[in-house]
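Data block for structure07.cif (mmCIF, C-alpha atoms):
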```cif
data_coords
loop_
_atom_site.label_atom_id
_atom_site.label_comp_id
_atom_site.auth_asym_id
_atom_site.auth_seq_id
_atom_site.Cartn_x
_atom_site.Cartn_y
_atom_site.Cartn_z
CA MET A 1463 -2.28 -6.57 27.71
CA THR A 1464 0.25 -4.52 29.53
CA GLU A 1465 1.11 -0.96 28.69
CA GLU A 1466 4.44 -2.06 27.19
CA MET A 1467 2.72 -4.54 24.85
CA ILE A 1468 0.27 -1.89 23.64
CA LYS A 1469 3.20 0.44 23.01
CA ILE A 1470 5.02 -2.20 20.93
CA VAL A 1471 1.89 -2.96 18.88
CA ALA A 1472 1.39 0.77 18.24
CA ILE A 1473 5.00 1.12 17.09
CA GLY A 1474 4.54 -1.81 14.72
CA LEU A 1475 1.36 -0.34 13.25
CA ILE A 1476 2.95 3.07 12.81
CA MET A 1477 5.92 1.54 11.00
CA ALA A 1478 3.71 -0.68 8.82
CA VAL A 1479 1.41 2.11 7.67
CA GLY A 1480 4.27 4.61 7.62
CA THR A 1481 6.18 2.51 5.09
CA ILE A 1482 3.42 0.93 3.00
CA ALA A 1483 1.52 4.14 2.22
CA PRO A 1484 4.56 6.12 0.96
CA ALA A 1485 5.73 3.08 -1.03
CA ILE A 1486 2.40 2.92 -2.84
CA ALA A 1487 2.49 6.68 -3.42
CA ILE A 1488 6.04 6.56 -4.80
CA GLY A 1489 5.09 3.75 -7.18
CA LYS A 1490 2.06 5.66 -8.41
CA ILE A 1491 4.07 8.87 -8.88
CA GLY A 1492 6.76 7.04 -10.85
CA SER A 1493 4.23 5.23 -13.01
CA THR A 1494 2.27 8.37 -13.79
CA ALA A 1495 5.42 10.33 -14.59
CA SER A 1496 6.64 7.59 -16.93
CA ASP A 1497 3.29 7.62 -18.73
CA ALA A 1498 3.38 11.40 -19.03
CA ILE A 1499 6.94 11.41 -20.39
CA GLY A 1500 5.97 8.68 -22.85
CA ARG A 1501 3.08 10.79 -24.15
CA ASN A 1502 5.00 14.07 -24.25
CA PRO A 1503 8.79 13.59 -24.36
CA GLU A 1504 9.43 17.30 -24.91
CA ALA A 1505 8.12 18.10 -21.43
CA SER A 1506 10.28 15.48 -19.71
CA SER A 1507 12.40 18.00 -17.79
CA LYS A 1508 9.34 19.71 -16.28
CA ILE A 1509 7.69 16.38 -15.49
CA GLN A 1510 10.88 15.02 -13.93
CA THR A 1511 11.26 18.10 -11.71
CA ALA A 1512 7.69 17.79 -10.43
CA MET A 1513 8.13 14.04 -9.98
CA ILE A 1514 11.27 14.40 -7.86
CA LEU A 1515 9.57 17.01 -5.67
CA ALA A 1516 6.53 14.75 -5.17
CA LEU A 1517 8.79 11.79 -4.36
CA ALA A 1518 10.58 13.83 -1.72
CA PHE A 1519 7.27 14.76 -0.07
CA ALA A 1520 6.10 11.13 -0.10
CA GLU A 1521 9.38 9.98 1.42
CA ALA A 1522 9.07 12.64 4.13
CA ILE A 1523 5.87 10.95 5.30
CA ALA A 1524 7.82 7.73 5.85
CA ILE A 1525 10.43 9.62 7.83
CA TYR A 1526 7.72 11.21 10.01
CA GLY A 1527 6.40 7.72 10.75
CA LEU A 1528 9.89 6.54 11.70
CA VAL A 1529 10.42 9.52 14.00
CA THR A 1530 7.05 8.95 15.66
CA ALA A 1531 7.86 5.27 16.22
CA LEU A 1532 11.26 6.12 17.69
CA ILE A 1533 9.72 8.69 20.03
CA LEU A 1534 7.23 6.09 21.26
CA LYS A 1535 9.98 3.49 21.65
CA PHE A 1536 12.31 5.60 23.75
CA VAL A 1537 9.82 7.62 25.82
#
```
Represent the structure of the file as structure tokens.
Amino acid sequence: MTEEMIKIVAIGLIMAVGTIAPAIAIGKIGSTASDAIGRNPEASSKIQTAMILALAFAEAIAIYGLVTALILKFV
């Protein structure tokens, strides 16, 4: 394998893991928040605030993966 092929495979792996892992995390966060709101509807505003913050952090991981892949692609 040439250096360029290894680079392309690495970019593909980074993008695959960098999108699958945050997607699973976002699904789990949403599911858990829905369960919590269903059990305690009075606390829905506090749960929703924490859920949105956690979703933003999970999505940031996907963006870091994208940035890393772009750096590898264009360097």
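Using all atoms listed in the file for every distance, the candidate list A:Ala1520, A:Leu1475, A:Ala1512, A:Met1463 yields A:Ala1520 as the residue closest to Ala1487 (chain A).
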Exercise for review: Enumerate, as number ranges by chain, the residues matched when the PyMOL selection byres ((chain A and resi 1477) around 9) is run on the file above.
Suggested key: A: 1472-1476, 1478-1482, 1524, 1527-1528, 1530-1531
Practice item. Give me, please, the distance in Å between CA of Leu1532 (chain A) and CA of Leu1517 (chain A), quoted to one decimal. Key: 22.9 Å
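Protein, DNA and RNA residues at most 10 Å from (5.3, 1.9, 25.1), with all atoms listed in the file, are these: Thr1464, Glu1465, Glu1466, Met1467, Ile1468, Lys1469, Ile1470, Val1471, Ala1472, Ile1473, Ala1531, Ile1533, Leu1534, Lys1535, Phe1536 and Val1537 of chain A.
Residues with any atom within 9 Å of region 1490-1495 of chain A, counting all atoms listed in the file and excluding same-chain neighbours fewer than 2 positions away, are Ala1485, Ile1486, Ala1487, Ile1488, Asp1497, Ala1498, Ile1499, Gly1500, Ser1506, Ile1509, Gln1510, Ala1512, Met1513, Ala1516 and Leu1517 of chain A.
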Study note, to complete from the structure: re CA of Tyr1526 (chain A) and CA of Pro1484 (chain A): distance 10.9 Å
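The space separating CA of Phe1519 (chain A) from CA of Gly1489 (chain A) comes to 13.3 Å.
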